[in-house]
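Here is the structure we will look at, set down as structure tokens.
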Amino acid sequence: MDIEKLKERVITLVPEAQLEDNKQFVSFVIPSDKFRLVVENLKSSEDTAFDYLFCLTGVDMGKDLMVVYHLSSTKYGHEIVFKVKLSDRENPSVDTISDLYRAADFYEREVYDLLGIKFNNHGDMRRIFLDENWKGYPLRKDYIDEINIVEL
Amino acid sequence: MEERSIEMGVKIKSMKYDEFRDNETLETFIKPGGGILLSTLDDIIDWGRSNSVWPLTFATSCCGIEMMATGASRHDFARFGIEVYRASPRQADVIVVAGTIVNKMAPVLKRLYDQMSEPKFVIAMGACAVSGGPFYYNCYHVIRGVDHVIPVDVYIPGCPPRPEALLYGVMQLQRKIKLNKMVDAPKINKSNR
Amino acid sequence: MKEVIHTPVPKVEEEEYHINMGPQHPSTHGVLRLVVTLQGEIVKKVQPHCGYIHRGIEKMCEKDTYPQIIHLTDRMDYLSAHINNHAVCLLVENALQIEVPERVKYIRTIMDELARIQSHQLWWASFGMDLGGLTCFFYGLRDREKILDIWEETTGGRFLQSYYTPGGLMWDIHPDFQKNVKAFIKYFRKKIRDYDRILSGNVIFRERSINVGPLSKEDAINYAITGPSGRGSGFSCDVRKHHPYALYDKVDFKEILYHEGDTLARYLVRMDEMHESMHIIEQLIDNIPEGDYTAKMKAVIKLPAGEYYQRVESARGELGVYCISDGNKTPYRMKFRTPSFSNLGVLDYISREFKIADLVVIGGSLDLVIPDIDR
């Protein structure tokens, strides 16, 4: 499917999607409540068939938190990037896609561990790298740790 | 067999004093004392212990691969007595901490060290185990030096240290073991204890 | 006649119990903790606990400049150290749109393929050792020393070198480089036949690996298993073919695919990949063009604001580097999509209903490097 048709398909599914200016991939910002709908549709339709999730990243943008999904199709070769912005820093949460893509199981646990973003209906939302009783989320920009970090 | 005379430097058979560095630290381990019988017994026991230190299989990261390469056929360390790797800490003599130790791993390392039986030794191999290495600054999870957790006998710098450096470190440990004594000399000035 | 008295034999209840293959273990290839739920000897569930070597590299990258990040990526997957460096260098060069000289591309491709051979040699050595054949350990490491000699002559370091830099290489290759690489290939082609005779054709090995740990193609795509583990199930995911970089679109090599999806298929993919890597090196080694070993770069590298994604094929799978830059000399966020992290997710799924001894075989065939998981 070529790029223009892909863009139209996403906009038809979610009219609030905003196209981003990215030279490498087709990239959309999706509101967090419509996100799962888009991904389910793109995975199950025969003409898009996005079956390979190759990267899931959590970013702290300063004011909001953001989750970036990189999806690809092994049948057609096209790729797409979705971004979900979360403005609530105290209890950020977004729907999980770990039942659609089993790779997301570990990726989402890592994002929770380092940034504190919870994924609803994940089933096993606990820390993966740090200890169970570690306080704070290290990858956030306002993470202060006097004991452990030695500043240069 | 071996003479211990502090004025001329430590004499250990087949390990020449001049070929090694850091002899000052070695001289602080010399404790004079013991009669003829006990010092002969010391010599035999130390000879046996130093020539057959068996390590624990413990490797966290990159230095572990250099340790495996030291055990392979080119730089064979079985000829130094490190013949067998023991999987269980209760059967091991030395723990070669090869790799970075992080906050989550430190209690595990302490438990392994406690399970080893005396006499036990520790070699800190690589920059990460000596002082935190490349992960010293801006890192929230790394322990800056394994001597915050367990007492260390020999430090080997390098990132990763060459196999020849690991063999040199093992030889320094052997020199240190050969100076062990069973009986301490009576102290002349008791307040210095 | 004596009466036979039957005493009733109590029925032993089989419950599930958990054992801990702790962080310090001879066969977990590093510090990985597996909590295995067993019923008798059958594995019911495997829960991996990672984080015992989590050094926070992504957080450190936010305070380091781009040439300094190269030294950290070396230590992430230390067996394909050159390939990790290549990913970050390509990211910077594509973002600034710098064209590196041809000589640099040739040398980088040859060094990458040597790294791949060296990583597979170490994998074969430790895989054989886990199965009980200690000979494999000595043979594999003996041949790996030849590659480390070649590297040491050129770069000074045996196995972590940080030789690539954004724009080119740190310095030029040694004059004896081409001669030594050709001598190595001639030597290794003879030795790799020994490897096949010891392990690949061995009846004990085949009994232990055929139909053990099967993974279908759809599952491999869903779990994002890339690299030789995915290609053993028929998932065509070689980044060198699909998104070529350096000189991979100009050399002739096959992408190795097997369709059975079991441990033997994953093993054979890696053995064939060693042959293909030697074939790639042979096509390039005599034709290295003359030229500069680095392009002209500014002293301080600043990427324009935006996001960049670069992927390369490391010895374990697809390594992705995702960078968000805000125009400064340090990145705003640097994320490494490492292959071993996704490959770990499938260990539970494919080892159910096999015995505990098979768990070690399956873990070895996935070729996990633990600092790659934890970063």
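Residue numbering restarts at 1 in every chain; chains get A, B, ... in the order shown in the structure tokens, and ligands count up from 1 in that same order.
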Per residue of chain C within 6 Å of chain B, record the nearest atom pair and its distance in Å to one decimal, counting only C-alpha atoms, with rows in chain order and ascending residue number, as CSV.
```
residue,atom,partner,partner_atom,distance
C:Gly30,CA,B:Thr60,CA,5.5
C:Val31,CA,B:Thr60,CA,5.8
C:Tyr52,CA,B:Met105,CA,5.3
C:Arg55,CA,B:His141,CA,5.8
C:Met60,CA,B:Asn138,CA,5.7
C:Phe138,CA,B:Ala72,CA,5.7
```
Exercise: range 35-51 of chain B partners within 6 Å, only C-alpha atoms, chain neighbours under 5 positions left out, as a ChimeraX atom specification: /B:81,174,177-178,181
Using DSSP on the backbone coordinates, identify all residues within range 65-158 of chain B classified as helix (DSSP H, G or I); present the result as a PyMOL selection string. chain B and resi 65-71+78-80+89-91+106-115+127-131+133-135+146-148
Interface, chain A side, toward chain B (10 Å; only C-alpha atoms) as a VMD selection string: chain A and resid 129 to 131 138 144 to 152
Print the selection's residues with N, CA and C atoms to a file, as a CSV table (one decimal), in the first residue's frame.
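Printed below is again-v9.csv as written:
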```csv
chain,number,residue,atom,x,y,z
A,129,PHE,N,13.7,-4.5,35.5
A,129,PHE,CA,15.1,-4.4,35.7
A,129,PHE,C,15.4,-4.0,37.1
A,130,LEU,N,14.7,-3.1,37.7
A,130,LEU,CA,15.1,-2.6,39.0
A,130,LEU,C,14.4,-3.5,40.1
A,131,ASP,N,14.8,-3.3,41.3
A,131,ASP,CA,14.2,-4.0,42.4
A,131,ASP,C,12.7,-3.7,42.6
A,138,PRO,N,13.7,6.1,36.9
A,138,PRO,CA,15.0,6.8,36.6
A,138,PRO,C,15.1,7.5,35.3
A,144,ILE,N,15.9,12.7,40.7
A,144,ILE,CA,17.0,13.1,41.5
A,144,ILE,C,17.4,11.9,42.4
A,145,ASP,N,18.7,11.6,42.4
A,145,ASP,CA,19.1,10.5,43.2
A,145,ASP,C,20.5,10.9,43.8
A,146,GLU,N,20.5,11.4,45.0
A,146,GLU,CA,21.8,11.9,45.5
A,146,GLU,C,22.7,10.8,45.8
A,147,ILE,N,22.1,9.6,46.3
A,147,ILE,CA,23.0,8.6,46.8
A,147,ILE,C,23.7,7.9,45.6
A,148,ASN,N,23.0,7.6,44.6
A,148,ASN,CA,23.6,6.7,43.6
A,148,ASN,C,24.3,7.4,42.4
A,149,ILE,N,23.8,8.5,42.0
A,149,ILE,CA,24.4,9.1,40.8
A,149,ILE,C,25.5,10.1,41.2
A,150,VAL,N,26.7,9.9,40.5
A,150,VAL,CA,27.8,10.8,40.7
A,150,VAL,C,27.9,11.7,39.5
A,151,GLU,N,27.7,13.0,39.6
A,151,GLU,CA,27.6,13.8,38.5
A,151,GLU,C,29.0,14.2,38.0
A,152,LEU,N,29.2,14.4,36.7
A,152,LEU,CA,30.5,14.7,36.2
A,152,LEU,C,30.6,16.3,36.3
```
What's around range 3-7 of chain A at 9 Å? Count only C-alpha atoms, leave out sequence neighbours fewer than 3 positions away in its own chain, and write the answer as a PDB file with N, CA and C atoms, in the first residue's frame.
```pdb
ATOM      1  N   VAL A  10      -5.577   5.921   8.050  1.00  0.00           N
ATOM      2  CA  VAL A  10      -5.487   6.265   9.473  1.00  0.00           C
ATOM      3  C   VAL A  10      -6.419   7.421   9.790  1.00  0.00           C
ATOM      4  N   ILE A  11      -6.485   8.398   8.888  1.00  0.00           N
ATOM      5  CA  ILE A  11      -7.321   9.567   9.171  1.00  0.00           C
ATOM      6  C   ILE A  11      -8.791   9.173   9.145  1.00  0.00           C
ATOM      7  N   THR A  12      -9.158   8.201   8.309  1.00  0.00           N
ATOM      8  CA  THR A  12     -10.566   7.769   8.307  1.00  0.00           C
ATOM      9  C   THR A  12     -10.914   7.085   9.617  1.00  0.00           C
ATOM     10  N   LEU A  19      -0.712  14.311  11.588  1.00  0.00           N
ATOM     11  CA  LEU A  19       0.441  13.809  10.858  1.00  0.00           C
ATOM     12  C   LEU A  19       1.675  14.591  11.281  1.00  0.00           C
ATOM     13  N   VAL A  26       6.217   7.295   8.082  1.00  0.00           N
ATOM     14  CA  VAL A  26       4.908   7.941   8.218  1.00  0.00           C
ATOM     15  C   VAL A  26       4.585   7.951   9.698  1.00  0.00           C
ATOM     16  N   PHE A  28       2.233   9.381  13.064  1.00  0.00           N
ATOM     17  CA  PHE A  28       0.991  10.017  13.522  1.00  0.00           C
ATOM     18  C   PHE A  28       0.988  10.147  15.032  1.00  0.00           C
ATOM     19  N   THR A  48      -3.457  -4.041   4.918  1.00  0.00           N
ATOM     20  CA  THR A  48      -2.351  -3.380   5.609  1.00  0.00           C
ATOM     21  C   THR A  48      -1.481  -4.407   6.336  1.00  0.00           C
ATOM     22  N   HIS A  78       5.681  -2.097   4.292  1.00  0.00           N
ATOM     23  CA  HIS A  78       5.543  -0.708   4.723  1.00  0.00           C
ATOM     24  C   HIS A  78       5.633  -0.604   6.248  1.00  0.00           C
ATOM     25  N   ILE A  80       5.127   2.139   9.855  1.00  0.00           N
ATOM     26  CA  ILE A  80       4.377   3.283  10.369  1.00  0.00           C
ATOM     27  C   ILE A  80       4.777   3.513  11.822  1.00  0.00           C
TER      28      ILE A  80
END
```
Between CA of Ser45 in chain A and CA of Ile225 in chain C, distance in Å (one decimal): 22.7 Å
Counting only C-alpha atoms, which residues in chain C sit no more than 8 Å from chain A? For each one, give the nearest pair of atoms and the distance in Å, sorted by chain then residue number, as CSV.
```
residue,atom,partner,partner_atom,distance
C:His49,CA,A:Ile128,CA,6.9
C:Cys50,CA,A:Phe129,CA,5.7
C:Gly51,CA,A:Phe129,CA,3.8
C:Tyr52,CA,A:Phe129,CA,7.4
C:His54,CA,A:Phe129,CA,6.5
C:Lys59,CA,A:Leu139,CA,6.2
C:Ile221,CA,A:Tyr52,CA,5.8
C:Asn222,CA,A:Tyr101,CA,5.4
C:Tyr223,CA,A:Ala103,CA,4.2
C:Ala224,CA,A:Ala103,CA,5.7
C:Gly306,CA,A:Asn22,CA,7.8
C:Glu307,CA,A:Asn22,CA,7.6
C:Tyr308,CA,A:Gln24,CA,7.5
C:Tyr309,CA,A:Gln24,CA,8.0
C:Gly320,CA,A:Cys55,CA,8.0
C:Arg333,CA,A:Val59,CA,7.1
C:Lys335,CA,A:Thr57,CA,7.1
C:Arg337,CA,A:Cys55,CA,6.3
C:Phe341,CA,A:Phe106,CA,7.9
C:Ser342,CA,A:Ala103,CA,6.3
C:Gly345,CA,A:Phe106,CA,6.8
C:Asp374,CA,A:Phe129,CA,7.0
```
Dump of C-alpha atoms for the selected residues, as an mmCIF file, in the first residue's frame:
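Saved result, part_13.cif, follows:
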```cif
data_model
loop_
_atom_site.group_PDB
_atom_site.id
_atom_site.type_symbol
_atom_site.label_atom_id
_atom_site.label_comp_id
_atom_site.auth_asym_id
_atom_site.auth_seq_id
_atom_site.Cartn_x
_atom_site.Cartn_y
_atom_site.Cartn_z
ATOM 1 C CA HIS C 49 14.154 -12.177 36.057
ATOM 2 C CA CYS C 50 16.530 -9.727 34.479
ATOM 3 C CA GLY C 51 18.212 -6.623 35.749
ATOM 4 C CA TYR C 52 21.276 -8.131 37.387
ATOM 5 C CA HIS C 54 21.325 -3.213 34.313
ATOM 6 C CA LYS C 59 20.343 7.351 30.913
ATOM 7 C CA ILE C 221 6.894 -12.564 13.846
ATOM 8 C CA ASN C 222 4.506 -11.939 16.716
ATOM 9 C CA TYR C 223 7.230 -12.230 19.355
ATOM 10 C CA ALA C 224 9.619 -10.133 17.185
ATOM 11 C CA GLY C 306 14.255 15.534 15.045
ATOM 12 C CA GLU C 307 14.138 11.788 15.374
ATOM 13 C CA TYR C 308 16.213 9.149 13.668
ATOM 14 C CA TYR C 309 16.079 5.378 13.559
ATOM 15 C CA GLY C 320 17.842 -0.640 16.320
ATOM 16 C CA ARG C 333 16.734 10.389 24.325
ATOM 17 C CA LYS C 335 16.907 4.057 22.903
ATOM 18 C CA ARG C 337 16.193 -1.884 20.548
ATOM 19 C CA PHE C 341 15.551 -8.599 24.862
ATOM 20 C CA SER C 342 12.875 -9.728 22.425
ATOM 21 C CA GLY C 345 10.354 -13.293 25.597
ATOM 22 C CA ASP C 374 19.598 -5.362 30.425
#
```
A straight line from CA of Val14 in chain A to CA of Glu40 in chain A spans 12.5 Å
Atom pair CA of Leu79 in chain C + CA of Gly140 in chain C, distance 13.9 Å
Residues of range 36-133 of chain C classed as strand (DSSP E or B) by DSSP on the backbone are to be reported as a PyMOL selection string. chain C and resi 36-39+42-49
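Non-sequential neighbours of range 29-33 of chain A (distance at most 7 Å, separation of 3 or more positions within a chain, only C-alpha atoms) are A:Ala17, A:Gln18, A:Leu19, A:Phe82, A:Lys83, A:Val84, A:Lys85, A:Val94.
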Export C-alpha atoms of the chosen residues as a PDB file, in the first residue's frame?
```
ATOM      1  CA  ALA A  17      -4.836  11.936  14.280  1.00  0.00           C
ATOM      2  CA  GLN A  18      -2.119  14.505  13.515  1.00  0.00           C
ATOM      3  CA  LEU A  19       0.441  13.809  10.858  1.00  0.00           C
ATOM      4  CA  PHE A  82       2.407   5.963  16.244  1.00  0.00           C
ATOM      5  CA  LYS A  83       2.912   8.321  19.131  1.00  0.00           C
ATOM      6  CA  VAL A  84       0.652   8.625  22.134  1.00  0.00           C
ATOM      7  CA  LYS A  85       1.055  11.698  24.323  1.00  0.00           C
ATOM      8  CA  VAL A  94      -2.569   3.757  28.021  1.00  0.00           C
TER       9      VAL A  94
END
```
